[in-house]
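K.L.:
Input run.txt, format and content: compact mmCIF, C-alpha atoms.
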# COMPACT_ATOMS: atom_id res chain seq x y z
CA MET E 14 -4.70 -0.89 3.84
CA GLU E 15 -4.45 -1.30 0.08
CA ILE E 16 -6.75 -3.90 -1.45
CA GLU E 17 -6.43 -4.19 -5.21
CA ARG E 18 -6.71 -6.57 -8.12
CA LYS E 19 -4.53 -6.33 -11.24
CA PHE E 20 -5.24 -7.40 -14.81
CA PHE E 21 -3.67 -7.40 -18.23
CA VAL E 22 -5.67 -5.46 -20.79
CA LYS E 23 -6.93 -7.05 -24.03
CA ASN E 24 -8.08 -3.80 -25.64
CA LEU E 25 -7.70 -0.19 -24.58
CA PRO E 26 -11.02 1.56 -24.01
CA ASP E 27 -12.30 3.94 -26.67
CA ARG E 28 -11.52 7.62 -26.19
CA LEU E 29 -8.88 6.95 -23.54
CA GLU E 30 -7.64 10.53 -23.90
CA ASP E 31 -11.00 11.77 -22.52
CA PHE E 32 -10.19 10.36 -19.07
CA PRO E 33 -8.03 12.19 -16.54
CA SER E 34 -4.43 11.01 -16.45
CA ARG E 35 -1.21 11.72 -14.66
CA LEU E 36 2.44 11.04 -15.31
CA ILE E 37 4.07 8.81 -12.68
CA GLU E 38 7.75 8.18 -12.07
CA GLN E 39 8.72 5.95 -9.16
CA ALA E 40 11.77 4.23 -7.77
CA TYR E 41 12.40 1.78 -4.96
CA LEU E 42 14.76 2.36 -2.06
CA CYS E 43 13.96 -1.09 -0.69
CA VAL E 44 11.73 -3.97 -1.83
CA GLU E 45 11.34 -5.95 1.44
CA PRO E 46 9.54 -4.05 2.84
CA VAL E 47 8.68 -1.88 -0.13
CA ILE E 48 9.83 1.71 0.30
CA ARG E 49 9.13 3.77 -2.78
CA VAL E 50 9.53 7.39 -3.84
CA ARG E 51 7.10 8.71 -6.43
CA ARG E 52 6.56 11.79 -8.52
CA GLN E 53 2.97 12.09 -9.69
CA ASP E 54 2.78 15.15 -11.94
CA ASP E 55 3.94 17.86 -9.49
CA ASP E 56 3.29 15.91 -6.27
CA TYR E 57 5.92 13.83 -4.45
CA TYR E 58 5.53 10.95 -1.99
CA MET E 59 7.37 8.29 -0.08
CA THR E 60 5.37 5.10 0.35
CA TYR E 61 5.78 2.10 2.63
CA LYS E 62 4.01 -1.10 1.55
CA GLY E 63 3.83 -4.24 3.65
CA ALA E 64 3.89 -7.82 2.41
CA GLY E 65 0.99 -9.25 0.41
CA LEU E 66 -0.44 -9.56 -3.07
CA MET E 67 -4.12 -8.51 -3.05
CA SER E 68 -4.13 -6.88 0.41
CA ARG E 69 -1.30 -5.12 2.19
CA GLU E 70 -0.52 -2.20 4.43
CA GLU E 71 0.25 1.06 2.67
CA TYR E 72 1.31 4.43 4.07
CA ASN E 73 2.01 7.54 2.00
CA LEU E 74 4.05 10.47 3.26
CA PRO E 75 4.36 13.74 1.33
CA LEU E 76 7.80 14.77 0.11
CA THR E 77 9.15 18.00 -1.29
CA ARG E 78 10.57 18.00 -4.81
CA GLU E 79 14.02 18.51 -3.30
CA ALA E 80 13.66 15.48 -1.00
CA TYR E 81 12.42 13.34 -3.92
CA GLU E 82 15.35 14.42 -6.10
CA HIS E 83 17.76 13.69 -3.24
CA LEU E 84 16.38 10.17 -2.71
CA LEU E 85 15.92 9.18 -6.36
CA PRO E 86 19.62 8.41 -7.05
CA LYS E 87 19.70 6.18 -3.96
CA ALA E 88 17.11 3.81 -5.44
CA ASP E 89 17.90 0.26 -6.53
CA GLY E 90 17.06 -0.85 -10.05
CA THR E 91 15.41 1.22 -12.74
CA VAL E 92 12.93 4.03 -12.43
CA ILE E 93 9.41 2.94 -13.41
CA ALA E 94 7.63 5.43 -15.67
CA LYS E 95 3.99 5.26 -16.73
CA ARG E 96 0.94 7.27 -17.65
CA ARG E 97 -2.02 6.43 -15.41
CA TYR E 98 -5.56 6.96 -16.66
CA VAL E 99 -8.39 6.97 -14.12
CA ILE E 100 -11.59 5.46 -15.52
CA PRO E 101 -14.74 5.38 -13.37
CA LEU E 102 -16.59 2.07 -13.23
CA GLU E 103 -20.28 1.78 -13.95
CA ALA E 104 -23.07 -0.13 -12.18
CA PRO E 105 -22.85 -2.11 -10.03
CA TRP E 106 -19.36 -0.81 -9.20
CA GLU E 107 -20.07 2.93 -8.93
CA GLY E 108 -17.58 4.70 -6.71
CA LEU E 109 -14.71 2.49 -7.87
CA SER E 110 -12.23 3.39 -10.59
CA ILE E 111 -9.89 1.58 -12.92
CA GLU E 112 -6.31 2.83 -12.80
CA LEU E 113 -4.99 1.99 -16.24
CA ASP E 114 -1.19 2.12 -16.41
CA LEU E 115 0.59 2.45 -19.77
CA PHE E 116 4.28 1.89 -19.06
CA PHE E 117 7.11 3.41 -21.03
CA GLY E 118 10.88 3.43 -20.77
CA SER E 119 12.25 -0.03 -19.99
CA TRP E 120 8.72 -1.49 -19.77
CA GLU E 121 7.33 0.19 -22.91
CA GLY E 122 4.19 -1.60 -24.08
CA LEU E 123 3.20 -3.15 -20.74
CA VAL E 124 -0.39 -2.25 -19.84
CA ILE E 125 -1.86 -3.11 -16.44
CA ALA E 126 -5.30 -2.23 -15.06
CA GLU E 127 -5.75 -2.03 -11.28
CA VAL E 128 -8.89 -1.62 -9.24
CA GLU E 129 -8.72 -0.70 -5.55
CA PHE E 130 -11.47 -1.85 -3.22
CA PRO E 131 -12.79 -0.82 0.20
CA ASP E 132 -12.66 -4.43 1.50
CA GLU E 133 -11.70 -7.96 0.48
CA LYS E 134 -15.33 -9.09 0.11
CA THR E 135 -15.92 -6.47 -2.59
CA ALA E 136 -12.58 -7.33 -4.23
CA ARG E 137 -13.48 -11.03 -4.46
CA ALA E 138 -16.96 -10.24 -5.86
CA PHE E 139 -15.64 -7.92 -8.58
CA CYS E 140 -16.37 -8.96 -12.18
CA PRO E 141 -13.92 -7.22 -14.51
CA PRO E 142 -15.03 -5.45 -17.68
CA GLU E 143 -14.83 -7.43 -20.91
CA TRP E 144 -11.80 -5.47 -22.12
CA PHE E 145 -9.70 -6.76 -19.21
CA GLY E 146 -7.46 -9.75 -19.86
CA GLU E 147 -5.82 -12.28 -17.57
CA GLU E 148 -5.72 -11.48 -13.86
CA VAL E 149 -2.20 -11.05 -12.45
CA THR E 150 -3.08 -10.05 -8.88
CA PHE E 151 -1.35 -13.07 -7.38
CA ASP E 152 1.72 -12.93 -9.61
CA GLY E 153 4.30 -10.85 -7.74
CA ARG E 154 6.19 -10.25 -10.99
CA TYR E 155 3.65 -7.55 -11.81
CA HIS E 156 4.34 -5.48 -8.72
CA ASN E 157 6.20 -2.37 -9.77
CA SER E 158 8.86 -3.11 -7.17
CA TRP E 159 9.65 -6.40 -8.98
CA LEU E 160 9.60 -4.71 -12.39
CA SER E 161 12.10 -2.10 -11.16
CA ARG E 162 14.70 -4.79 -10.47
CA HIS E 163 14.16 -7.05 -13.48
CA THR E 164 14.06 -7.04 -17.27
CA ARG E 165 11.67 -8.41 -19.87
CA ASP E 166 13.96 -11.43 -20.19
CA ASP E 167 13.38 -12.21 -16.49
CA LEU E 168 9.62 -11.94 -17.00
CA GLU E 169 9.53 -14.15 -20.08
CA GLY E 170 12.13 -16.66 -18.90
Please express the file's structure as structure tokens.

P.N.:
Amino acid sequence: MEIERKFFVKNLPDRLEDFPSRLIEQAYLCVEPVIRVRRQDDDYYMTYKGAGLMSREEYNLPLTREAYEHLLPKADGTVIAKRRYVIPLEAPWEGLSIELDLFFGSWEGLVIAEVEFPDEKTARAFCPPEWFGEEVTFDGRYHNSWLSRHTRDDLEG
């Protein structure tokens, strides 16, 4: 089960380059249900995600590079590309991390922060850091699967 909240970001944290990051490229074979292939640095996965906005089923299966490269051209829409920084949270949220996504390619300039939680109670109690902006958890337009099939004009229109 994936339980996460998503936010825009008002200001990037200082010394962002000091946090670990990884390059992510992902594409969607299907969006209902979500079936995604992802390259994360040198690791490859196929992911199934069920319906939902804050909470939904999620299963990850490892892929070989060859299987990923075979499936990638079969995807619908555009490939989503981003750099993800992992920033640990401080008290009282120790053990949780912010996944800060800086998109490039067709979504250059979009910045989304996500926090995954062990349960819905913790997710609802979470108070975001001051540098977070508007919450977009319940706006399906900020799911990567939606972004892969739309343009900025669709988002702003």

K.L.:
Wanna dump the range 62-151 of chain E-range 25-28 of chain E contacts at 9 Å for me, each residue with its shortest atom pair and the distance in Å to one decimal, counting all atoms listed in the file, ordered by chain and number, as JSON lines?

P.N.:
{"residue": "E:Val124", "atom": "CA", "partner": "E:Leu25", "partner_atom": "CA", "distance": 9.0}
{"residue": "E:Trp144", "atom": "CA", "partner": "E:Leu25", "partner_atom": "CA", "distance": 7.1}
{"residue": "E:Phe145", "atom": "CA", "partner": "E:Leu25", "partner_atom": "CA", "distance": 8.7}

K.L.:
Padding 6 Å on each side, edges along x, y and z: where is the centre of the box around the listed atoms of range 31-44 of chain E, and how long are its edges in Å to one decimal? Output it as lines of an AutoDock Vina configuration file.

P.N.:
center_x = 1.9
center_y = 4.1
center_z = -11.6
size_x = 37.8
size_y = 28.2
size_z = 33.8

K.L.:
Can you pull out every residue within 10 Å of range 155-157 of chain E, counting all atoms listed in the file, but drop anything in the same chain fewer than 3 positions away, and send it as a short mmCIF file (atom, residue, chain, number, x, y, z; two decimals) with C-alpha atoms, in the frame of the given file?

P.N.:
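Okay, selection-v8.cif is ready:
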data_model
loop_
_atom_site.label_atom_id
_atom_site.label_comp_id
_atom_site.auth_asym_id
_atom_site.auth_seq_id
_atom_site.Cartn_x
_atom_site.Cartn_y
_atom_site.Cartn_z
CA LYS E 19 -4.53 -6.33 -11.24
CA PHE E 20 -5.24 -7.40 -14.81
CA PHE E 21 -3.67 -7.40 -18.23
CA GLN E 39 8.72 5.95 -9.16
CA ALA E 40 11.77 4.23 -7.77
CA TYR E 41 12.40 1.78 -4.96
CA VAL E 44 11.73 -3.97 -1.83
CA VAL E 47 8.68 -1.88 -0.13
CA ARG E 49 9.13 3.77 -2.78
CA LEU E 66 -0.44 -9.56 -3.07
CA VAL E 92 12.93 4.03 -12.43
CA ILE E 93 9.41 2.94 -13.41
CA ALA E 94 7.63 5.43 -15.67
CA LEU E 123 3.20 -3.15 -20.74
CA ILE E 125 -1.86 -3.11 -16.44
CA VAL E 149 -2.20 -11.05 -12.45
CA THR E 150 -3.08 -10.05 -8.88
CA PHE E 151 -1.35 -13.07 -7.38
CA ASP E 152 1.72 -12.93 -9.61
CA LEU E 160 9.60 -4.71 -12.39
CA SER E 161 12.10 -2.10 -11.16
CA ARG E 162 14.70 -4.79 -10.47
CA HIS E 163 14.16 -7.05 -13.48
CA LEU E 168 9.62 -11.94 -17.00
#

K.L.:
Work out how far CA of Leu113 in chain E is from CA of Phe139 in chain E, in Å to one decimal.

P.N.:
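If I compute the distance from CA of Phe139 in chain E to CA of Leu113 in chain E, I get 16.4 Å.
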
K.L.:
Tell me which protein, DNA and RNA residues are within 12 Å of Glu15 in chain E, counting only C-alpha atoms, leaving out same-chain ones fewer than 3 positions away, and put them as a list of chain:residue names.

P.N.:
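Neighbouring residues, sequence-local ones excluded: E:Arg18, E:Thr60, E:Tyr61, E:Lys62, E:Gly63, E:Ala64, E:Gly65, E:Leu66, E:Met67, E:Ser68, E:Arg69, E:Glu70, E:Glu71, E:Tyr72, E:Asn73, E:Glu127, E:Val128, E:Glu129, E:Phe130, E:Pro131, E:Asp132, E:Glu133, E:Ala136.
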
K.L.:
Work out how far apart CA of Asp56 in chain E and CA of Met14 in chain E are and give it in Å to one decimal.

P.N.:
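For CA of Asp56 in chain E relative to CA of Met14 in chain E, the distance reads 21.2 Å.
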
K.L.:
Which is closest to Val22 in chain E among E:Asp114, E:Glu169, E:Glu79, E:Glu121, if we use all atoms listed in the file?

P.N.:
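Answer, going by the shortest atom-to-atom distance: E:Asp114.
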
K.L.:
Hey, can you check how far CA of Arg78 in chain E sits from CA of Arg52 in chain E?

P.N.:
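Computing it gives 8.3 Å between the two atoms.
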
K.L.:
Which one is closest to Pro46 in chain E: E:Ser158, E:Phe32, E:Leu76, E:Gly146? Count all atoms listed in the file.

P.N.:
E:Ser158

K.L.:
Which of these, E:Ala138, E:Leu109, E:Val50, E:Ile100, has the shortest distance to Ala80 in chain E once you count only C-alpha atoms?

P.N.:
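Of E:Ala138, E:Leu109, E:Val50, E:Ile100, the one nearest Ala80 in chain E is E:Val50, counting only C-alpha atoms.
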
K.L.:
Do you know which residues are at most 10 Å from Thr77 in chain E counting only C-alpha atoms, after dropping those on the same chain fewer than 3 positions away, and could you put them as an mmCIF file with C-alpha atoms, in the frame of the given file?

P.N.:
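Final output, part.cif:
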data_model
loop_
_atom_site.group_PDB
_atom_site.id
_atom_site.type_symbol
_atom_site.label_atom_id
_atom_site.label_comp_id
_atom_site.auth_asym_id
_atom_site.auth_seq_id
_atom_site.Cartn_x
_atom_site.Cartn_y
_atom_site.Cartn_z
ATOM 1 C CA ARG E 52 6.560 11.790 -8.520
ATOM 2 C CA ASP E 55 3.940 17.860 -9.490
ATOM 3 C CA ASP E 56 3.290 15.910 -6.270
ATOM 4 C CA TYR E 57 5.920 13.830 -4.450
ATOM 5 C CA TYR E 58 5.530 10.950 -1.990
ATOM 6 C CA MET E 59 7.370 8.290 -0.080
ATOM 7 C CA ALA E 80 13.660 15.480 -1.000
ATOM 8 C CA TYR E 81 12.420 13.340 -3.920
ATOM 9 C CA GLU E 82 15.350 14.420 -6.100
ATOM 10 C CA HIS E 83 17.760 13.690 -3.240
#

K.L.:
Excluding Ala104 in chain E and its own-chain neighbours fewer than 3 positions away, which residues fall within 12 Å of it when counting all atoms listed in the file? Please give them as a PyMOL selection string.

P.N.:
chain E and resi 101+107-110+139-142

K.L.:
Pick from E:Leu42, E:Ile16, E:Leu85, E:Ile111: nearest to Tyr98 in chain E, with all atoms listed in the file counted?

P.N.:
E:Ile111

K.L.:
E:Ile37, E:Thr135, E:Cys43, E:Asp89: which is nearest Gly118 in chain E, counting all atoms listed in the file?

P.N.:
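Looking at the shortest contact to Gly118 in chain E, the residue is E:Ile37.
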